[in-house]
$ cat data_28.cif   # mmCIF, C-alpha atoms
data_entry
loop_
_atom_site.label_atom_id
_atom_site.label_comp_id
_atom_site.auth_asym_id
_atom_site.auth_seq_id
_atom_site.Cartn_x
_atom_site.Cartn_y
_atom_site.Cartn_z
CA MET P 1 -21.23 30.00 16.82
CA ILE P 2 -20.24 28.97 20.27
CA THR P 3 -19.99 31.39 23.17
CA LEU P 4 -17.11 31.42 25.58
CA GLN P 5 -19.47 30.51 28.41
CA GLU P 6 -20.76 27.43 26.55
CA PHE P 7 -17.23 26.48 25.68
CA ARG P 8 -16.23 26.66 29.33
CA THR P 9 -19.20 24.64 30.52
CA LEU P 10 -18.52 21.92 27.95
CA PHE P 11 -14.91 21.66 29.02
CA HIS P 12 -15.75 21.71 32.70
CA ASN P 13 -18.18 18.86 32.06
CA GLY P 14 -15.72 16.84 30.05
CA LEU P 15 -12.69 17.31 32.24
CA SER P 16 -14.27 17.11 35.66
CA LYS P 17 -18.00 17.15 36.35
CA GLN P 18 -18.98 14.47 33.83
CA ASN P 19 -15.53 12.94 33.37
CA ALA P 20 -15.90 9.80 31.28
CA GLY P 21 -13.42 7.77 33.28
CA LEU P 22 -14.13 8.95 36.81
CA VAL P 23 -17.80 9.92 36.88
CA GLN P 24 -19.62 8.27 34.01
CA LEU P 25 -17.37 5.21 34.26
CA LEU P 26 -17.66 4.72 30.53
CA GLY P 27 -15.07 3.26 28.22
CA LEU P 28 -13.46 1.16 30.93
CA CYS P 29 -12.50 -1.65 28.56
CA PRO P 30 -9.66 0.15 26.77
CA LEU P 31 -9.02 2.23 29.88
CA LEU P 32 -8.03 -0.78 31.89
CA ALA P 33 -6.34 -2.67 29.09
CA ILE P 34 -4.06 0.06 27.79
CA SER P 35 -3.23 2.22 30.79
CA SER P 36 -0.15 0.23 31.77
CA SER P 37 2.20 3.10 30.87
CA ILE P 38 1.96 6.83 30.25
CA VAL P 39 2.90 6.64 26.60
CA ASN P 40 0.32 3.96 25.84
CA ALA P 41 -2.33 5.83 27.77
CA LEU P 42 -1.65 9.13 26.05
CA SER P 43 -1.63 7.52 22.61
CA LEU P 44 -4.93 5.76 23.13
CA GLY P 45 -6.46 8.83 24.73
CA LEU P 46 -5.58 11.09 21.83
CA ALA P 47 -6.73 8.52 19.27
CA THR P 48 -10.04 8.21 21.10
CA THR P 49 -10.41 11.99 21.17
CA LEU P 50 -9.85 12.16 17.42
CA VAL P 51 -12.44 9.46 16.75
CA MET P 52 -14.95 11.04 19.14
CA ALA P 53 -14.60 14.47 17.60
CA SER P 54 -15.21 13.20 14.07
CA ALA P 55 -18.00 10.82 15.14
CA SER P 56 -19.83 13.50 17.14
CA GLY P 57 -19.43 16.02 14.33
CA ALA P 58 -20.79 13.57 11.77
CA VAL P 59 -23.72 12.47 13.94
CA SER P 60 -24.62 16.06 14.73
CA GLY P 61 -24.45 17.00 11.07
CA VAL P 62 -27.05 14.42 10.03
CA ARG P 63 -29.13 14.47 13.23
CA HIS P 64 -32.25 15.86 11.48
CA PHE P 65 -32.38 12.95 9.04
CA ILE P 66 -32.29 10.21 11.64
CA PRO P 67 -35.64 8.88 12.89
CA HIS P 68 -35.57 8.40 16.65
CA GLU P 69 -36.29 4.65 16.56
CA ILE P 70 -33.30 3.75 14.40
CA ARG P 71 -30.83 6.25 15.82
CA ILE P 72 -28.66 3.68 17.62
CA PRO P 73 -28.03 1.47 14.55
CA VAL P 74 -27.30 4.58 12.48
CA PHE P 75 -24.86 5.90 15.11
CA VAL P 76 -23.11 2.55 15.34
CA LEU P 77 -22.90 2.40 11.57
CA LEU P 78 -21.46 5.91 11.35
CA ILE P 79 -18.95 5.42 14.16
CA ALA P 80 -17.75 2.04 12.90
CA SER P 81 -17.29 3.36 9.36
CA LEU P 82 -15.50 6.47 10.59
CA VAL P 83 -13.15 4.44 12.76
CA THR P 84 -12.35 2.20 9.81
CA VAL P 85 -11.76 5.19 7.55
CA ILE P 86 -9.44 6.81 10.11
CA ASP P 87 -7.68 3.47 10.55
CA LEU P 88 -7.11 3.15 6.79
CA LEU P 89 -6.06 6.77 6.33
CA MET P 90 -3.57 6.60 9.19
CA ASN P 91 -2.20 3.32 7.90
CA ALA P 92 -1.66 4.84 4.47
CA PHE P 93 -0.46 8.35 5.23
CA VAL P 94 1.09 8.39 8.70
CA HIS P 95 2.44 4.88 8.78
CA PRO P 96 5.01 5.31 11.59
CA LEU P 97 2.33 6.70 13.87
CA TYR P 98 0.00 3.93 12.79
CA LEU P 99 2.53 1.31 13.87
CA VAL P 100 2.30 2.72 17.38
CA LEU P 101 -1.41 3.52 17.59
CA GLY P 102 -2.59 0.91 15.10
CA ILE P 103 -3.71 -1.68 17.58
CA PHE P 104 -5.65 0.92 19.57
CA ILE P 105 -7.73 2.29 16.74
CA PRO P 106 -10.04 -0.71 16.19
CA LEU P 107 -10.21 -1.01 19.96
CA ILE P 108 -11.86 2.39 20.08
CA THR P 109 -15.00 0.94 18.46
CA THR P 110 -15.46 -1.07 21.63
CA ASN P 111 -15.42 2.14 23.63
CA CYS P 112 -18.99 2.98 24.55
CA ILE P 113 -18.09 6.58 25.38
CA VAL P 114 -18.08 7.39 21.66
CA LEU P 115 -21.63 6.10 21.22
CA ALA P 116 -22.71 7.62 24.52
CA ARG P 117 -21.63 11.12 23.46
CA ALA P 118 -23.21 10.67 20.03
CA ASP P 119 -26.54 9.74 21.60
CA ALA P 120 -26.54 11.98 24.65
CA PHE P 121 -25.09 15.11 23.12
CA ALA P 122 -24.34 15.17 19.40
CA SER P 123 -27.83 14.03 18.37
CA LYS P 124 -29.34 17.03 20.15
CA ASN P 125 -26.81 19.79 19.51
CA ARG P 126 -25.21 21.70 16.69
CA PRO P 127 -22.04 20.29 15.05
CA LEU P 128 -19.59 22.80 16.53
CA HIS P 129 -20.88 22.26 20.07
CA SER P 130 -20.79 18.51 19.53
CA VAL P 131 -17.20 18.54 18.37
CA VAL P 132 -16.15 20.70 21.33
CA ASP P 133 -18.03 18.41 23.70
CA ALA P 134 -16.36 15.35 22.17
CA VAL P 135 -12.90 16.92 22.41
CA ALA P 136 -13.51 17.90 26.06
CA MET P 137 -14.78 14.41 26.90
CA GLY P 138 -11.87 12.85 25.05
CA LEU P 139 -9.32 15.02 26.84
CA GLY P 140 -10.97 14.22 30.16
CA LEU P 141 -10.62 10.55 29.42
CA THR P 142 -7.03 11.06 28.24
CA MET P 143 -6.21 12.83 31.48
CA VAL P 144 -7.51 9.95 33.60
CA LEU P 145 -5.72 7.46 31.35
CA VAL P 146 -2.42 9.28 31.68
CA VAL P 147 -2.62 9.57 35.47
CA LEU P 148 -3.63 5.92 35.67
CA GLY P 149 -0.82 4.98 33.30
CA GLY P 150 1.67 6.95 35.37
CA MET P 151 0.58 5.30 38.61
CA ARG P 152 0.74 1.81 37.13
CA GLU P 153 4.00 2.38 35.34
CA LEU P 154 5.69 3.78 38.40
CA ALA P 155 4.42 1.05 40.69
CA GLY P 156 4.89 -1.71 38.15
CA GLN P 157 8.20 -0.91 36.47
CA GLY P 158 9.66 1.98 38.42
CA THR P 159 9.86 4.13 35.27
CA LEU P 160 7.94 6.98 33.72
CA LEU P 161 7.50 7.63 30.00
CA SER P 162 8.97 4.28 28.97
CA GLY P 163 8.25 3.48 25.33
CA LEU P 164 8.53 7.13 24.36
CA ASP P 165 11.04 6.10 21.71
CA LEU P 166 8.32 4.06 19.99
CA VAL P 167 6.43 7.28 19.29
CA PHE P 168 9.20 9.84 18.84
CA GLY P 169 12.12 7.75 17.63
CA GLU P 170 15.29 6.50 19.21
CA GLU P 171 16.46 9.90 20.59
CA ALA P 172 13.43 10.08 22.87
CA LYS P 173 14.87 7.20 24.87
CA ARG P 174 16.83 9.59 27.06
CA PHE P 175 13.62 11.20 28.29
CA VAL P 176 12.59 7.96 29.93
CA LEU P 177 12.75 8.49 33.68
CA HIS P 178 14.05 5.63 35.73
CA VAL P 179 12.51 6.92 38.91
CA LEU P 180 13.31 3.88 40.99
CA PRO P 181 16.66 2.44 39.89
CA ASP P 182 17.13 -1.33 40.11
CA TYR P 183 13.44 -1.72 40.72
CA GLN P 184 12.36 -5.34 40.72
CA GLY P 185 8.92 -4.60 39.33
CA PHE P 186 5.51 -5.07 40.85
CA LEU P 187 3.52 -7.27 38.53
CA LEU P 188 0.10 -6.62 40.04
CA ALA P 189 0.21 -2.98 39.00
CA ILE P 190 0.78 -3.86 35.36
CA LEU P 191 -1.80 -6.64 35.12
CA PRO P 192 -5.52 -5.76 34.80
CA PRO P 193 -6.27 -5.96 38.56
CA GLY P 194 -3.76 -3.15 39.05
CA ALA P 195 -5.85 -1.02 36.70
CA PHE P 196 -8.98 -1.62 38.78
CA ILE P 197 -7.22 -0.79 42.02
CA ALA P 198 -5.59 2.34 40.63
CA LEU P 199 -8.86 3.50 39.07
CA GLY P 200 -10.61 2.90 42.40
CA LEU P 201 -8.07 5.11 44.12
CA LEU P 202 -8.53 7.82 41.50
CA ILE P 203 -12.31 7.75 41.82
CA ALA P 204 -12.00 7.92 45.58
CA ALA P 205 -9.71 10.93 45.31
CA HIS P 206 -12.08 12.61 42.86
CA ASN P 207 -15.10 12.01 45.11
CA TRP P 208 -13.22 13.18 48.18
CA ASN P 209 -12.23 16.34 46.39
CA ASN P 210 -15.85 16.92 45.30
CA ALA P 211 -17.21 16.26 48.77
CA ARG P 212 -14.75 18.72 50.27
CA ALA P 213 -15.65 21.40 47.75
CA GLU P 214 -19.33 20.83 48.50
CA GLN P 215 -18.77 21.04 52.22
CA ARG P 216 -16.86 24.25 51.84
CA ALA P 217 -19.67 25.65 49.69
CA ARG P 218 -22.25 24.67 52.31
CA ALA P 219 -20.20 26.19 55.07
CA ALA P 220 -19.95 29.36 53.08
CA VAL P 221 -23.72 29.76 52.70
CA PRO P 222 -24.51 31.12 56.21
CA VAL P 223 -21.79 33.68 55.84
CA ALA P 224 -23.19 34.83 52.56
CA ALA P 225 -26.72 34.91 53.99
CA MET V 1 -57.04 -2.10 4.82
CA ASN V 2 -56.86 -0.67 8.29
CA PRO V 3 -55.54 2.90 7.96
CA LEU V 4 -53.57 2.57 11.19
CA LEU V 5 -51.80 -0.48 9.86
CA MET V 6 -51.10 1.32 6.62
CA ALA V 7 -49.60 4.26 8.46
CA ALA V 8 -47.38 1.91 10.46
CA GLY V 9 -46.33 0.17 7.28
CA ARG V 10 -45.51 3.44 5.61
CA ASN V 11 -43.50 4.49 8.62
CA ALA V 12 -41.56 1.24 8.65
CA LEU V 13 -40.86 1.62 4.97
CA ARG V 14 -39.61 5.15 5.53
CA THR V 15 -37.33 4.19 8.43
CA GLY V 16 -36.06 1.21 6.48
CA THR V 17 -35.24 3.39 3.49
CA ILE V 18 -33.37 5.87 5.66
CA LEU V 19 -31.36 3.13 7.35
CA PHE V 20 -30.62 1.69 3.93
CA ALA V 21 -29.48 5.08 2.66
CA PHE V 22 -27.11 5.46 5.62
CA ALA V 23 -25.73 1.97 5.07
CA LEU V 24 -25.22 2.81 1.42
CA VAL V 25 -23.37 6.03 2.20
CA ALA V 26 -21.21 4.33 4.85
CA THR V 27 -20.34 1.49 2.48
CA ALA V 28 -19.49 3.91 -0.30
CA MET V 29 -17.28 5.87 2.06
CA LEU V 30 -15.46 2.70 3.15
CA ALA V 31 -15.10 1.36 -0.37
CA PHE V 32 -13.73 4.68 -1.59
CA THR V 33 -11.21 4.99 1.25
CA HIS V 34 -10.14 1.38 0.93
CA ASN V 35 -9.68 1.78 -2.78
CA ARG V 36 -7.60 4.90 -2.42
CA THR V 37 -5.39 3.68 0.42
CA GLU V 38 -4.83 0.06 -0.55
CA PRO V 39 -1.74 0.50 -2.78
CA THR V 40 -0.02 2.71 -0.20
CA ILE V 41 -0.84 0.32 2.61
CA THR V 42 0.40 -2.72 0.71
CA ARG V 43 3.62 -0.90 -0.10
CA SER V 44 4.29 0.11 3.49
CA GLN V 45 3.43 -3.36 4.75
CA GLN V 46 5.97 -4.86 2.38
CA ALA V 47 8.55 -2.29 3.35
CA GLU V 48 7.85 -3.10 6.98
CA LYS V 49 8.27 -6.81 6.37
CA LEU V 50 11.51 -6.22 4.52
CA ALA V 51 12.74 -3.96 7.33
CA LEU V 52 12.02 -6.72 9.81
CA ILE V 53 13.81 -9.29 7.68
CA ASN V 54 16.75 -6.93 7.37
CA GLN V 55 17.04 -6.93 11.14
CA VAL V 56 17.77 -10.64 11.19
CA LEU V 57 19.74 -10.89 7.96
CA PRO V 58 22.73 -8.66 7.17
CA ALA V 59 22.18 -6.80 3.92
CA ALA V 60 25.61 -7.94 2.70
CA LEU V 61 24.33 -11.52 2.56
CA TYR V 62 21.89 -11.09 -0.29
CA ASP V 63 21.30 -9.21 -3.50
CA ASN V 64 18.06 -10.84 -4.62
CA ASP V 65 14.52 -9.60 -4.20
CA LEU V 66 13.90 -11.21 -0.84
CA LEU V 67 10.15 -10.68 -0.72
CA ALA V 68 9.82 -12.44 -4.07
CA SER V 69 11.79 -15.39 -2.74
CA GLN V 70 9.14 -16.12 -0.16
CA ARG V 71 7.84 -19.66 -0.07
CA SER V 72 5.69 -21.46 2.40
CA VAL V 73 6.82 -24.50 4.26
CA PRO V 74 4.48 -27.10 5.73
CA PRO V 75 3.96 -27.29 9.51
CA ASP V 76 6.90 -28.82 11.29
CA GLU V 77 7.43 -29.79 14.88
CA LEU V 78 10.90 -28.25 14.91
CA LEU V 79 9.47 -24.92 13.81
CA GLY V 80 6.65 -25.23 16.31
CA THR V 81 4.21 -24.44 13.52
CA ARG V 82 0.74 -25.84 13.05
CA GLN V 83 0.11 -24.08 9.78
CA ASP V 84 2.22 -23.30 6.76
CA SER V 85 4.84 -20.72 7.60
CA ALA V 86 6.93 -18.42 5.47
CA LEU V 87 10.57 -18.86 4.55
CA TRP V 88 12.72 -16.47 2.53
CA ILE V 89 15.80 -17.52 0.61
CA ALA V 90 18.74 -15.13 0.51
CA ARG V 91 20.97 -15.30 -2.56
CA ARG V 92 24.08 -13.45 -3.54
CA GLY V 93 25.31 -13.73 -7.09
CA GLY V 94 22.72 -16.44 -7.64
CA ARG V 95 24.02 -18.65 -4.83
CA VAL V 96 22.02 -19.36 -1.73
CA THR V 97 23.64 -17.63 1.23
CA GLY V 98 21.07 -18.12 3.93
CA VAL V 99 17.43 -18.26 4.89
CA VAL V 100 15.02 -16.35 7.03
CA LEU V 101 12.26 -18.41 8.54
CA GLU V 102 9.30 -18.04 10.83
CA ALA V 103 9.18 -20.18 13.94
CA VAL V 104 6.94 -20.44 16.95
CA ALA V 105 7.94 -21.05 20.56
CA PRO V 106 4.79 -22.77 21.79
CA ASP V 107 5.77 -22.98 25.46
CA GLY V 108 6.06 -19.33 26.49
CA TYR V 109 4.57 -18.09 29.73
CA SER V 110 1.41 -16.95 28.02
CA GLY V 111 0.76 -18.37 24.60
CA ASN V 112 2.84 -18.64 21.48
CA ILE V 113 5.91 -16.51 20.87
CA HIS V 114 6.37 -15.84 17.17
CA LEU V 115 9.93 -15.55 15.98
CA LEU V 116 11.72 -14.52 12.83
CA ILE V 117 15.09 -16.22 12.57
CA GLY V 118 17.87 -15.57 10.09
CA ILE V 119 20.35 -18.39 9.46
CA ASP V 120 23.36 -18.26 7.15
CA ILE V 121 24.36 -21.10 4.88
CA ASP V 122 26.78 -22.51 7.45
CA GLY V 123 24.07 -22.76 10.06
CA HIS V 124 24.96 -19.69 12.12
CA VAL V 125 22.21 -17.51 13.48
CA THR V 126 22.37 -14.07 11.85
CA GLY V 127 19.60 -12.61 13.96
CA VAL V 128 16.40 -13.32 15.84
CA ARG V 129 13.39 -11.10 16.38
CA VAL V 130 10.17 -11.65 18.26
CA THR V 131 7.32 -10.66 15.94
CA ALA V 132 4.40 -11.34 18.25
CA HIS V 133 4.07 -12.40 21.86
CA ARG V 134 1.85 -12.03 24.88
CA GLU V 135 4.45 -12.34 27.61
CA THR V 136 3.95 -10.30 30.74
CA PRO V 137 4.70 -6.61 30.11
CA GLY V 138 7.65 -5.44 32.15
CA LEU V 139 8.66 -8.94 33.09
CA GLY V 140 8.92 -11.43 30.23
CA ASP V 141 8.80 -8.94 27.40
CA TYR V 142 12.53 -8.22 27.38
CA ILE V 143 12.77 -10.81 24.60
CA ASP V 144 11.37 -8.03 22.41
CA ARG V 145 14.23 -6.11 20.76
CA LEU V 146 12.32 -2.90 21.43
CA LYS V 147 12.58 -3.50 25.17
CA SER V 148 16.09 -4.88 25.50
CA ASP V 149 18.92 -6.33 23.44
CA TRP V 150 18.65 -9.72 25.13
CA ILE V 151 17.73 -11.37 21.84
CA ASP V 152 21.05 -10.31 20.26
CA GLN V 153 22.99 -12.97 22.13
CA PHE V 154 21.87 -15.55 19.58
CA VAL V 155 23.84 -13.91 16.78
CA GLY V 156 26.66 -16.16 15.58
CA LYS V 157 25.46 -19.19 17.48
CA SER V 158 25.06 -22.54 15.75
CA LEU V 159 24.13 -26.12 16.59
CA THR V 160 27.71 -26.82 17.68
CA ASN V 161 28.40 -23.47 19.32
CA PRO V 162 27.55 -23.80 22.12
CA GLU V 163 27.19 -27.56 22.27
CA ALA V 164 23.78 -29.07 22.88
CA LYS V 165 23.91 -29.19 26.67
CA HIS V 166 24.70 -25.48 26.83
CA TRP V 167 21.84 -24.47 24.55
CA ARG V 168 19.90 -23.50 27.64
CA VAL V 169 19.34 -20.53 29.85
CA ALA V 170 22.00 -19.97 32.50
CA LYS V 171 19.68 -21.12 35.25
CA ASP V 172 19.50 -24.57 33.60
CA GLY V 173 23.28 -24.70 33.22
CA GLY V 174 23.35 -23.20 29.76
CA GLN V 175 25.02 -20.26 28.08
CA PHE V 176 22.12 -17.88 27.62
CA ASP V 177 21.37 -15.53 30.43
CA ALA V 178 17.86 -14.82 31.60
CA ARG V 179 16.51 -12.30 34.03
CA ALA V 180 15.48 -13.39 37.49
CA GLY V 181 11.75 -13.87 37.82
CA ALA V 182 11.16 -14.60 34.16
CA THR V 183 12.88 -17.76 33.01
CA ILE V 184 10.01 -19.50 31.27
CA THR V 185 9.95 -16.98 28.45
CA PRO V 186 13.67 -17.05 27.52
CA ARG V 187 13.74 -20.81 28.01
CA ALA V 188 11.04 -21.13 25.35
CA VAL V 189 12.88 -18.81 22.97
CA VAL V 190 16.23 -20.57 23.39
CA LYS V 191 14.57 -23.91 22.72
CA ALA V 192 12.78 -22.60 19.65
CA VAL V 193 15.91 -21.04 18.15
CA ARG V 194 17.84 -24.26 18.56
CA ALA V 195 14.99 -26.26 17.05
CA ALA V 196 14.93 -23.91 14.08
CA LEU V 197 18.68 -24.46 13.56
CA ASP V 198 18.00 -28.16 13.71
CA TYR V 199 15.26 -27.73 11.11
CA PHE V 200 17.63 -25.83 8.84
CA ALA V 201 20.32 -28.51 9.19
CA ARG V 202 17.88 -31.20 8.18
CA HIS V 203 16.49 -29.32 5.21
CA ARG V 204 19.71 -27.61 4.15
CA ALA V 205 20.29 -29.79 1.12
CA ALA V 206 16.80 -29.19 -0.19
CA LEU V 207 17.10 -25.45 0.35
CA LEU V 208 20.49 -25.26 -1.35
CA THR V 209 19.13 -26.72 -4.54
CA GLU V 210 16.32 -24.21 -4.33
CA LYS V 211 17.02 -23.14 -7.94
CA THR V 212 14.32 -25.34 -9.39
CA ALA V 213 11.63 -24.21 -6.98
CA PRO V 214 8.76 -22.22 -8.49
CA ASP V 215 9.73 -19.00 -6.73
CA ALA V 216 13.07 -19.04 -8.51
CA SER V 217 11.32 -18.64 -11.84
CA PRO V 218 12.42 -15.61 -13.84
CA VAL V 219 8.93 -14.10 -13.70
CA LYS V 220 9.17 -13.49 -9.98
CA GLU V 221 12.86 -12.78 -9.85
CA THR V 222 12.83 -10.00 -12.39
CA PRO V 223 14.33 -6.99 -10.68
CA LYS V 224 11.99 -4.07 -10.34
#

$ encode --input "data_28.cif" --output "structure tokens"
Amino acid sequence: MITLQEFRTLFHNGLSKQNAGLVQLLGLCPLLAISSSIVNALSLGLATTLVMASASGAVSGVRHFIPHEIRIPVFVLLIASLVTVIDLLMNAFVHPLYLVLGIFIPLITTNCIVLARADAFASKNRPLHSVVDAVAMGLGLTMVLVVLGGMRELAGQGTLLSGLDLVFGEEAKRFVLHVLPDYQGFLLAILPPGAFIALGLLIAAHNWNNARAEQRARAAVPVAA
Amino acid sequence: MNPLLMAAGRNALRTGTILFAFALVATAMLAFTHNRTEPTITRSQQAEKLALINQVLPAALYDNDLLASQRSVPPDELLGTRQDSALWIARRGGRVTGVVLEAVAPDGYSGNIHLLIGIDIDGHVTGVRVTAHRETPGLGDYIDRLKSDWIDQFVGKSLTNPEAKHWRVAKDGGQFDARAGATITPRAVVKAVRAALDYFARHRAALLTEKTAPDASPVKETPK
């Protein structure tokens, strides 16, 4: 079983300390390509989380049968097959959702964060821990994607949550926020360079926040001593 | 034989076997899933295609099995195609009432814009949809019906309405409006739709006598 403490540590790692998007800088390919709006970002993030959780669980489950020297090919094999299986299952049984997420699913195979978690964590830990770690990492990535998507969407189109109707049907259209009415659009934010710039800003903010916390901790030491 | 070498060989054999076993399991898993999901996927893909066709062709125009009426037409400059493309024949009471065809606008802002165009027997556009494009998100992508209803202005238009010199975007003195900052995209679409109408006009006679074509054979037309 998993203790509450372990659970907390895993989530702290995934969401902040070892955040895939901000700290490990892994999985940037889909991150930059898809984060042009909140809805896209959230969809890809959740799909990635799903794939990571099943891939990490599977890898962890068979970790004792995998010789060290061939672990990478086996991981790649497992992840690629799992992604394909999820792709097929979604296509068959949740077709409307597949129409929205479909293009993202194969893209997830190109995301090295899945392999990185399989190798760095799942191959050394028990299945339950591995799944929790994968979910935490996935949610961390999703969070960054959504913030990035929001920044780019707002700067690029002046809206938030556009495309919500593609996921939740026509009625969801009224939840789309036209934050800046009659906005002419700012192309740079939507194109890939905008993703780099926005991500840079996010990383800077994250580092600044960390540095401040550290400084405060250091300042607190003499008092405690 | 050198015992060290033998040990290495045995190890390689063992690793190889394990890798093989994993490959076998993965393949089996894929084959099984594929097998189980294929019929459902094919069905939903067909339903999806039909739904798309229905967007450009009013349901009142046909009573035949549209998907079965599909035929491929050779590449044509007017369609902008470089490979065979699909064309569906709509019939009502056995008489041809219109067609749905695939066309490509090759001169978009970024790559080909794929279109699905419905045309009735008198040469009026019944609907246009963009099926694939890579136009700039947030700028040129309003040609997509999911983003705006811009594309609906083609409905009811024909080769003579508006006349040729007005088959352009407003900026070029035509009748079709286009948003500021993104004229290349709509210009390409307008041109492609007109060319497709032209294509239909030239092949109308052949399409009208479609009866003898292989896809009209009773085998394929049998209602389900």

$ interface_residues --input "data_28.cif" --of "chain V" --to "chain P" --cutoff "7 Å" --atoms "only C-alpha atoms" --output "number ranges by chain"
V: 15, 19, 22, 26, 30, 33-34, 37, 40-41, 138

$ residues_near_point --input "data_28.cif" --point "(21.9, -13.1, 19.6)" --cutoff "12 Å" --atoms "all atoms listed in the file" --output "MDAnalysis selection string"
chainID V and resid 55:56 117:119 124:130 143 145 148:158 175:177 189:190 193:194

$ atom_distance --input "data_28.cif" --atom1 "atom CA of V:Gly108" --atom2 "atom CA of P:Leu97"
29.2 Å

$ atom_distance --input "data_28.cif" --atom1 "atom CA of V:Gln45" --atom2 "atom CA of P:Leu50"
24.0 Å

$ residues_around --input "data_28.cif" --residues "stretch 110-119 of chain P" --least-positions-apart "3" --cutoff "6 Å" --atoms "all atoms listed in the file" --output "list in words"
Leu26, Gly27, Met52, Ser56, Leu107, Ala122 and Ser123 of chain P

$ residues_around --input "data_28.cif" --residues "V:Gly174" --least-positions-apart "4" --cutoff "12 Å" --atoms "all atoms listed in the file" --output "VMD selection string"
chain V and resid 161 to 170 178 186 to 187 190 to 191

$ resolve_selection --input "data_28.cif" --expression "the PyMOL selection byres ((chain P and resi 57) around 10)" --output "PDB file with C-alpha atoms, keeping the file's coordinate frame"
ATOM      1  CA  VAL P  51     -12.440   9.460  16.750  1.00  0.00           C
ATOM      2  CA  MET P  52     -14.950  11.040  19.140  1.00  0.00           C
ATOM      3  CA  ALA P  53     -14.600  14.470  17.600  1.00  0.00           C
ATOM      4  CA  SER P  54     -15.210  13.200  14.070  1.00  0.00           C
ATOM      5  CA  ALA P  55     -18.000  10.820  15.140  1.00  0.00           C
ATOM      6  CA  SER P  56     -19.830  13.500  17.140  1.00  0.00           C
ATOM      7  CA  ALA P  58     -20.790  13.570  11.770  1.00  0.00           C
ATOM      8  CA  VAL P  59     -23.720  12.470  13.940  1.00  0.00           C
ATOM      9  CA  SER P  60     -24.620  16.060  14.730  1.00  0.00           C
ATOM     10  CA  GLY P  61     -24.450  17.000  11.070  1.00  0.00           C
ATOM     11  CA  VAL P  62     -27.050  14.420  10.030  1.00  0.00           C
ATOM     12  CA  ARG P  63     -29.130  14.470  13.230  1.00  0.00           C
ATOM     13  CA  ALA P 118     -23.210  10.670  20.030  1.00  0.00           C
ATOM     14  CA  ALA P 122     -24.340  15.170  19.400  1.00  0.00           C
ATOM     15  CA  SER P 123     -27.830  14.030  18.370  1.00  0.00           C
ATOM     16  CA  ASN P 125     -26.810  19.790  19.510  1.00  0.00           C
ATOM     17  CA  ARG P 126     -25.210  21.700  16.690  1.00  0.00           C
ATOM     18  CA  PRO P 127     -22.040  20.290  15.050  1.00  0.00           C
ATOM     19  CA  LEU P 128     -19.590  22.800  16.530  1.00  0.00           C
ATOM     20  CA  HIS P 129     -20.880  22.260  20.070  1.00  0.00           C
ATOM     21  CA  SER P 130     -20.790  18.510  19.530  1.00  0.00           C
ATOM     22  CA  VAL P 131     -17.200  18.540  18.370  1.00  0.00           C
ATOM     23  CA  VAL P 132     -16.150  20.700  21.330  1.00  0.00           C
ATOM     24  CA  ASP P 133     -18.030  18.410  23.700  1.00  0.00           C
ATOM     25  CA  ALA P 134     -16.360  15.350  22.170  1.00  0.00           C
TER      26      ALA P 134
END

$ resolve_selection --input "data_28.cif" --expression "the PyMOL selection byres ((chain V and resi 106) around 9)" --output "MDAnalysis selection string"
chainID V and resid 80:81 104:105 107:108 111:114 188 192

$ resolve_selection --input "data_28.cif" --expression "the PyMOL selection byres ((chain V and resi 69) around 7)" --output "list in words"
Asp65, Leu66, Leu67, Ala68, Gln70, Arg71, Trp88, Ile89, Asp215 and Ala216 of chain V

$ atom_distance --input "data_28.cif" --atom1 "atom CA of P:Ala189" --atom2 "atom CA of P:Leu31"
14.0 Å

$ closest_residue --input "data_28.cif" --among "P:Leu4, P:Ile197, P:Ala47, P:Leu145" --to "P:Asn19" --atoms "all atoms listed in the file"
P:Leu145

$ residues_near_point --input "data_28.cif" --point "(-2.3, 4.3, 32.3)" --cutoff "8 Å" --atoms "all atoms listed in the file" --output "list in words"
Leu31, Leu32, Ile34, Ser35, Ser36, Ser37, Ile38, Asn40, Ala41, Leu42, Val144, Leu145, Val146, Val147, Leu148, Gly149, Gly150, Met151, Arg152, Glu153 and Ala195 of chain P

$ decode --input "data_28.cif" --residues "stretch 203-222 of chain P" --atoms "C-alpha atoms" --output "PDB file, in the first residue's frame"
ATOM      1  CA  ILE P 203      10.016  29.036 -16.004  1.00  0.00           C
ATOM      2  CA  ALA P 204      11.322  32.405 -14.892  1.00  0.00           C
ATOM      3  CA  ALA P 205       8.335  32.866 -12.594  1.00  0.00           C
ATOM      4  CA  HIS P 206       8.774  29.357 -11.202  1.00  0.00           C
ATOM      5  CA  ASN P 207      12.495  29.912 -10.545  1.00  0.00           C
ATOM      6  CA  TRP P 208      11.863  33.304  -8.992  1.00  0.00           C
ATOM      7  CA  ASN P 209       9.283  31.797  -6.701  1.00  0.00           C
ATOM      8  CA  ASN P 210      11.706  29.013  -5.716  1.00  0.00           C
ATOM      9  CA  ALA P 211      14.560  31.426  -5.124  1.00  0.00           C
ATOM     10  CA  ARG P 212      12.360  33.576  -2.907  1.00  0.00           C
ATOM     11  CA  ALA P 213      11.221  30.585  -0.883  1.00  0.00           C
ATOM     12  CA  GLU P 214      14.843  29.514  -0.462  1.00  0.00           C
ATOM     13  CA  GLN P 215      15.899  32.958   0.620  1.00  0.00           C
ATOM     14  CA  ARG P 216      13.141  33.113   3.151  1.00  0.00           C
ATOM     15  CA  ALA P 217      14.161  29.690   4.458  1.00  0.00           C
ATOM     16  CA  ARG P 218      17.779  30.825   4.764  1.00  0.00           C
ATOM     17  CA  ALA P 219      16.765  33.993   6.527  1.00  0.00           C
ATOM     18  CA  ALA P 220      14.724  31.944   8.926  1.00  0.00           C
ATOM     19  CA  VAL P 221      17.643  29.721   9.960  1.00  0.00           C
ATOM     20  CA  PRO P 222      19.405  32.172  12.347  1.00  0.00           C
TER      21      PRO P 222
END
